[in-house]
Amino acid sequence: MTRKEKEYDDIPGTFVFDADRSRQGYWLNQFCISLSKEEGRQAFRDDPEAHMAKYKMTEEQKQAIRDRDWNRLLELGGNIYYTSKLGAFDGIVFQDLAAMMSGMSREDYRKMMVDGGRSPEGNRYKSEWEKK
Amino acid sequence: MAKITAGIACSHVPAIGVAMDQHITDQPYWQPVFEGFEYSREWNKKNKPDVVFLVYNDHCTAFDASVIPTFALGCAAEFTPADEGWGPRPVPVVKNHQEFASHIAQSLVLDEFDITIMNEMDVDHGLTVPLSVMFGDKTPEDDWGTLVIPLAVNVVQYPAPTANRCYALGQAIRRAVDSWDEDINVHIYGTGGMSHQLQAERAGLINATWDQQFMDILVNEPEKARKISHVEFLRETGSEGIEMVMWLVMRGALDEKVTEVHRHYHVPASNTAVGHLILENHA
């Protein structure tokens with residue numbers, strides 16, 4: 001069965017966390033949420049591979065965790081409220097994580113936000129990004 | 001008879017709570033955010049609620065990926081501020097009006113809103129930040145100064161309930177409150193928003209024009225606001241802007257005509273546009 005196109009697919013730079021992503025990312029997200037408790041953080045510090053092995057993640061998901069590839073984690077079914085716990089584990093504040101995901105330096109991202117944020121102009125449809 | 005006398009919309013950006021907890025609200029970055037809440041705190045003292053019905057979303061704190069209720073009503077005696085990974089916020093335990101909450105639960109289900117009933121639940125920044133905004137600085141030894149009935153709405157996994165469904169739920173909450181035979185003053189909060197996207201390459205999206213128009217129609221033309229589609233929320237206000245469906249629950253519980261006594265809008269607080277409304281209901 002091929003995945004039907006969804007009306008929210010045509011938004012650039014965005015992973016909509018729907019039931020398909022939720023299913024795909026279930027163990028990845030449960031792994032991430034374990035890091036919101038000290039017990040889970042200690043286990044991950046002590047032996048990252050052993051802690052990851054407790055969750056039925058795919059090798060791709062585990063590699064994205066090892067690489068701290070934040071957008072790849074989302075692509076593989078991670079949800080930002082979960083993957084941000086991995087960020088917090090690394091001591092990364094939310095805004096800096098947002099900067100990394102959008103491919104900007106923390107200073108440039110922070111300045112963009114103070115100046116009013118990323119404009120919706122040119123950021124509504126994928127075709128607008130393909131032209132860039 | 002219990003009466004809903006006001007509806008309050010308020011962002012629940014975690015950094016607002018952190019700024020209060022660290023006493024840095026006077027810093028230039030935060031000053032314009034908190035300046036807009038000064039009126040609200042004075043108004044809140046003059047119009048003190050007995051009960052706040054607080055519509056918010058849980059951020060994978062009480063509910064991880066294993067359980068995702070669309071609407072979950074807090075019926076426990078009290079709710080403890082949760083540890084979200086960096087220790088619980090130093091704020092009071094949230095106390096419920098348990099008999100009233102049970103009445104609302106029963107009324108909603110008989111009114112065909114099949115909610116989940118929570119007899120144990122920790123609450124996260126989604127609930128405590130709006131209380132801090134309205135009630136000011138509190139320590140864990142203090143009392144919030146109001147009882148609180150929490151309603152958690154799923155906005156993490158798509159689809160969140162529609163704007164229309166949220167509005168209709170607000171109407172059902174109104175019927176439940178109106179049928180409670182105790183002379184109490186009730187405020188209803190719709191929290192979250194406004195425009196923000198926390199994830200992927202489009203992170204940082206803010207749409208101030210859309211946000212202001214949304215506040216206009218929410219106040220004056222709620223029948224239009226309830227028709228906003230999920231795709232419009234996602235595309236125009238960012239993937240996390242969809243939290244604004246929770247403002248529709250609040251609006252649905254008020255009269256068709258309300259008086260907007262206060263509006264505050266500021267960009268940014270961290271990654272988010274801060275929006276806030278106080279609407280008086282003349283029921």
# chains A, B, ... in the order shown; residues from 1 in each chain; ligands from 1
>>> residues_around(residues="range 52-54 of chain A", least_positions_apart="6", cutoff="9 Å", atoms="only C-alpha atoms", output="PyMOL selection string")
chain A and resi 28+31+44+62
>>> write_last_selection(atoms="N, CA and C atoms", output="CSV table (one decimal), in the first residue's frame")
chain,number,residue,atom,x,y,z
A,28,LEU,N,11.4,5.3,19.2
A,28,LEU,CA,12.3,6.4,19.3
A,28,LEU,C,11.9,7.5,20.3
A,31,PHE,N,12.1,6.2,23.8
A,31,PHE,CA,13.5,6.3,24.2
A,31,PHE,C,13.8,7.8,24.7
A,44,PHE,N,21.7,6.2,30.1
A,44,PHE,CA,22.2,6.6,28.8
A,44,PHE,C,23.6,7.1,28.9
A,62,LYS,N,18.7,4.6,15.5
A,62,LYS,CA,19.9,4.7,16.5
A,62,LYS,C,21.0,5.5,15.9
>>> closest_atom_pairs(of="chain B", to="chain A", cutoff="7 Å", atoms="only C-alpha atoms", output="JSON lines")
{"residue": "B:His59", "atom": "CA", "partner": "A:Tyr81", "partner_atom": "CA", "distance": 6.5}
{"residue": "B:Cys60", "atom": "CA", "partner": "A:Tyr81", "partner_atom": "CA", "distance": 6.9}
{"residue": "B:Ala65", "atom": "CA", "partner": "A:Gln30", "partner_atom": "CA", "distance": 6.6}
{"residue": "B:Glu84", "atom": "CA", "partner": "A:Ser36", "partner_atom": "CA", "distance": 6.1}
{"residue": "B:Gly85", "atom": "CA", "partner": "A:Ser36", "partner_atom": "CA", "distance": 4.3}
{"residue": "B:Gln157", "atom": "CA", "partner": "A:Asp18", "partner_atom": "CA", "distance": 5.5}
{"residue": "B:Tyr158", "atom": "CA", "partner": "A:Asp18", "partner_atom": "CA", "distance": 4.4}
{"residue": "B:Pro159", "atom": "CA", "partner": "A:Asp18", "partner_atom": "CA", "distance": 6.7}
{"residue": "B:Leu198", "atom": "CA", "partner": "A:Ala98", "partner_atom": "CA", "distance": 6.1}
{"residue": "B:Gln199", "atom": "CA", "partner": "A:Ile80", "partner_atom": "CA", "distance": 6.1}
{"residue": "B:Ala200", "atom": "CA", "partner": "A:Met101", "partner_atom": "CA", "distance": 5.0}
{"residue": "B:Glu201", "atom": "CA", "partner": "A:Ser102", "partner_atom": "CA", "distance": 3.8}
{"residue": "B:Arg202", "atom": "CA", "partner": "A:Gly13", "partner_atom": "CA", "distance": 4.8}
{"residue": "B:Ala203", "atom": "CA", "partner": "A:Ala98", "partner_atom": "CA", "distance": 5.8}
{"residue": "B:Gly204", "atom": "CA", "partner": "A:Arg118", "partner_atom": "CA", "distance": 5.3}
{"residue": "B:Leu205", "atom": "CA", "partner": "A:Arg118", "partner_atom": "CA", "distance": 4.3}
{"residue": "B:Ile206", "atom": "CA", "partner": "A:Gly117", "partner_atom": "CA", "distance": 5.1}
{"residue": "B:Asn207", "atom": "CA", "partner": "A:Pro120", "partner_atom": "CA", "distance": 6.1}
{"residue": "B:Val231", "atom": "CA", "partner": "A:Tyr8", "partner_atom": "CA", "distance": 5.9}
{"residue": "B:Arg235", "atom": "CA", "partner": "A:Arg124", "partner_atom": "CA", "distance": 5.7}
{"residue": "B:Glu236", "atom": "CA", "partner": "A:Pro120", "partner_atom": "CA", "distance": 6.6}
{"residue": "B:Ser239", "atom": "CA", "partner": "A:Val16", "partner_atom": "CA", "distance": 6.9}
{"residue": "B:Val267", "atom": "CA", "partner": "A:Gly116", "partner_atom": "CA", "distance": 5.8}
{"residue": "B:Pro268", "atom": "CA", "partner": "A:Val114", "partner_atom": "CA", "distance": 6.0}
{"residue": "B:Ser270", "atom": "CA", "partner": "A:Gln95", "partner_atom": "CA", "distance": 6.4}
{"residue": "B:Asn271", "atom": "CA", "partner": "A:Gln95", "partner_atom": "CA", "distance": 6.5}
>>> closest_residue(among="A:Ile65, A:Ala43, A:Asp108, A:Lys131", to="Gly78 in chain A", atoms="only C-alpha atoms")
A:Ile65
>>> residues_around(residues="Thr128 in chain B", least_positions_apart="4", cutoff="10 Å", atoms="only C-alpha atoms", output="list in words")
His12, Pro14, Gly17, Leu54, Tyr56, Pro81, Ala82, Arg89, Val91, Pro92, Val93, Val94, Val123, Asp124, Ser132, Val133 and Trp144 of chain B
>>> atom_distance(atom1="CA of Phe79 in chain B", atom2="CA of Cys10 in chain B")
20.3 Å
>>> residues_around(residues="Lys227 in chain B", least_positions_apart="2", cutoff="9 Å", atoms="only C-alpha atoms", output="ChimeraX atom specification")
/B:162-164,222-225,229
>>> write_last_selection(atoms="N, CA and C atoms", output="mmCIF file, in the first residue's frame")
data_model
loop_
_atom_site.group_PDB
_atom_site.id
_atom_site.type_symbol
_atom_site.label_atom_id
_atom_site.label_comp_id
_atom_site.auth_asym_id
_atom_site.auth_seq_id
_atom_site.Cartn_x
_atom_site.Cartn_y
_atom_site.Cartn_z
ATOM 1 N N THR B 162 -10.656 19.508 15.813
ATOM 2 C CA THR B 162 -10.826 20.676 14.938
ATOM 3 C C THR B 162 -11.236 21.905 15.734
ATOM 4 N N ALA B 163 -11.031 23.052 15.122
ATOM 5 C CA ALA B 163 -11.462 24.316 15.732
ATOM 6 C C ALA B 163 -12.966 24.258 16.030
ATOM 7 N N ASN B 164 -13.692 23.711 15.097
ATOM 8 C CA ASN B 164 -15.148 23.614 15.251
ATOM 9 C C ASN B 164 -15.535 22.728 16.436
ATOM 10 N N PRO B 222 -16.825 34.745 16.043
ATOM 11 C CA PRO B 222 -16.370 33.380 16.381
ATOM 12 C C PRO B 222 -16.871 32.318 15.393
ATOM 13 N N GLU B 223 -18.003 32.597 14.737
ATOM 14 C CA GLU B 223 -18.499 31.621 13.752
ATOM 15 C C GLU B 223 -17.517 31.456 12.594
ATOM 16 N N LYS B 224 -16.747 32.509 12.313
ATOM 17 C CA LYS B 224 -15.697 32.403 11.285
ATOM 18 C C LYS B 224 -14.494 31.648 11.846
ATOM 19 N N ALA B 225 -14.151 31.967 13.088
ATOM 20 C CA ALA B 225 -12.944 31.372 13.688
ATOM 21 C C ALA B 225 -13.075 29.858 13.784
ATOM 22 N N SER B 229 -9.239 25.832 9.142
ATOM 23 C CA SER B 229 -8.825 24.434 8.941
ATOM 24 C C SER B 229 -7.465 24.176 9.575
#
>>> residues_around(residues="Val258 in chain B", least_positions_apart="3", cutoff="8 Å", atoms="only C-alpha atoms", output="short mmCIF file (atom, residue, chain, number, x, y, z; two decimals) with all heavy atoms, in the first residue's frame")
data_model
loop_
_atom_site.label_atom_id
_atom_site.label_comp_id
_atom_site.auth_asym_id
_atom_site.auth_seq_id
_atom_site.Cartn_x
_atom_site.Cartn_y
_atom_site.Cartn_z
N VAL B 219 -12.74 37.20 18.70
CA VAL B 219 -13.54 38.05 19.59
C VAL B 219 -14.88 38.38 18.96
O VAL B 219 -15.94 38.21 19.59
CB VAL B 219 -12.76 39.35 19.92
CG1 VAL B 219 -13.64 40.29 20.76
CG2 VAL B 219 -11.47 39.03 20.65
N ASN B 220 -14.86 38.84 17.71
CA ASN B 220 -16.06 39.44 17.13
C ASN B 220 -16.85 38.55 16.18
O ASN B 220 -18.03 38.79 15.97
CB ASN B 220 -15.68 40.73 16.39
CG ASN B 220 -15.05 41.73 17.35
OD1 ASN B 220 -15.60 42.01 18.40
ND2 ASN B 220 -13.87 42.23 17.00
N LEU B 254 -18.29 31.25 25.97
CA LEU B 254 -18.73 32.62 26.23
C LEU B 254 -19.94 32.95 25.35
O LEU B 254 -20.26 32.24 24.40
CB LEU B 254 -17.60 33.62 25.94
CG LEU B 254 -16.26 33.37 26.63
CD1 LEU B 254 -15.27 34.46 26.23
CD2 LEU B 254 -16.41 33.31 28.15
N ASP B 255 -20.57 34.09 25.67
CA ASP B 255 -21.66 34.59 24.84
C ASP B 255 -21.16 34.95 23.44
O ASP B 255 -19.98 35.16 23.24
CB ASP B 255 -22.26 35.85 25.46
CG ASP B 255 -23.06 35.54 26.71
OD1 ASP B 255 -23.25 34.35 27.01
OD2 ASP B 255 -23.48 36.50 27.38
N LEU B 279 -11.46 38.66 27.86
CA LEU B 279 -12.81 38.90 27.33
C LEU B 279 -13.82 38.79 28.46
O LEU B 279 -13.88 37.77 29.14
CB LEU B 279 -13.14 37.86 26.24
CG LEU B 279 -12.12 37.68 25.13
CD1 LEU B 279 -12.56 36.58 24.16
CD2 LEU B 279 -11.89 38.99 24.38
N GLU B 280 -14.59 39.84 28.67
CA GLU B 280 -15.62 39.78 29.70
C GLU B 280 -16.92 39.28 29.10
O GLU B 280 -17.32 39.67 28.00
CB GLU B 280 -15.81 41.16 30.35
CG GLU B 280 -14.61 41.50 31.24
CD GLU B 280 -14.73 42.81 32.01
OE1 GLU B 280 -15.68 43.60 31.72
OE2 GLU B 280 -13.88 43.05 32.88
N ASN B 281 -17.55 38.41 29.88
CA ASN B 281 -18.79 37.76 29.44
C ASN B 281 -19.91 38.37 30.26
O ASN B 281 -19.77 38.55 31.47
CB ASN B 281 -18.68 36.25 29.76
CG ASN B 281 -19.64 35.41 28.98
OD1 ASN B 281 -19.91 35.68 27.81
ND2 ASN B 281 -20.15 34.35 29.60
N HIS B 282 -21.02 38.69 29.65
CA HIS B 282 -22.05 39.44 30.39
C HIS B 282 -23.25 38.59 30.75
O HIS B 282 -24.32 39.11 31.00
CB HIS B 282 -22.45 40.67 29.59
CG HIS B 282 -21.27 41.52 29.27
ND1 HIS B 282 -20.59 42.23 30.24
CD2 HIS B 282 -20.58 41.71 28.11
CE1 HIS B 282 -19.56 42.84 29.68
NE2 HIS B 282 -19.52 42.53 28.39
#
>>> atom_distance(atom1="CA of His51 in chain A", atom2="CA of Gln24 in chain A")
19.4 Å
>>> select_by_dssp(residues="range 99-200 of chain B", states="strand (DSSP E or B)", output="PyMOL selection string")
chain B and resi 116-118+123+147-153+185-191
>>> write_last_selection(atoms="C-alpha atoms", output="JSON list (two decimals), in the first residue's frame")
[["chain", "number", "residue", "atom", "x", "y", "z"],
["B", 116, "THR", "CA", -11.14, 10.94, 29.32],
["B", 117, "ILE", "CA", -11.29, 11.30, 33.12],
["B", 118, "MET", "CA", -7.98, 11.81, 34.92],
["B", 123, "VAL", "CA", 0.69, 19.18, 35.19],
["B", 147, "LEU", "CA", -9.24, 26.36, 42.34],
["B", 148, "VAL", "CA", -8.42, 24.95, 38.90],
["B", 149, "ILE", "CA", -10.13, 22.38, 36.68],
["B", 150, "PRO", "CA", -7.65, 21.31, 34.00],
["B", 151, "LEU", "CA", -8.65, 20.12, 30.54],
["B", 152, "ALA", "CA", -5.76, 18.68, 28.52],
["B", 153, "VAL", "CA", -6.18, 18.71, 24.73],
["B", 185, "ASN", "CA", -17.29, 33.00, 39.68],
["B", 186, "VAL", "CA", -15.68, 30.94, 36.90],
["B", 187, "HIS", "CA", -13.04, 32.05, 34.39],
["B", 188, "ILE", "CA", -12.15, 29.90, 31.41],
["B", 189, "TYR", "CA", -8.64, 29.95, 29.93],
["B", 190, "GLY", "CA", -7.65, 28.96, 26.40],
["B", 191, "THR", "CA", -3.88, 28.65, 26.31]]
>>> select_by_dssp(residues="range 27-275 of chain B", states="helix (DSSP H, G or I)", output="number ranges by chain")
B: 31-46, 98-110, 125-135, 163-178, 208-220, 222-225, 230-237, 241-252
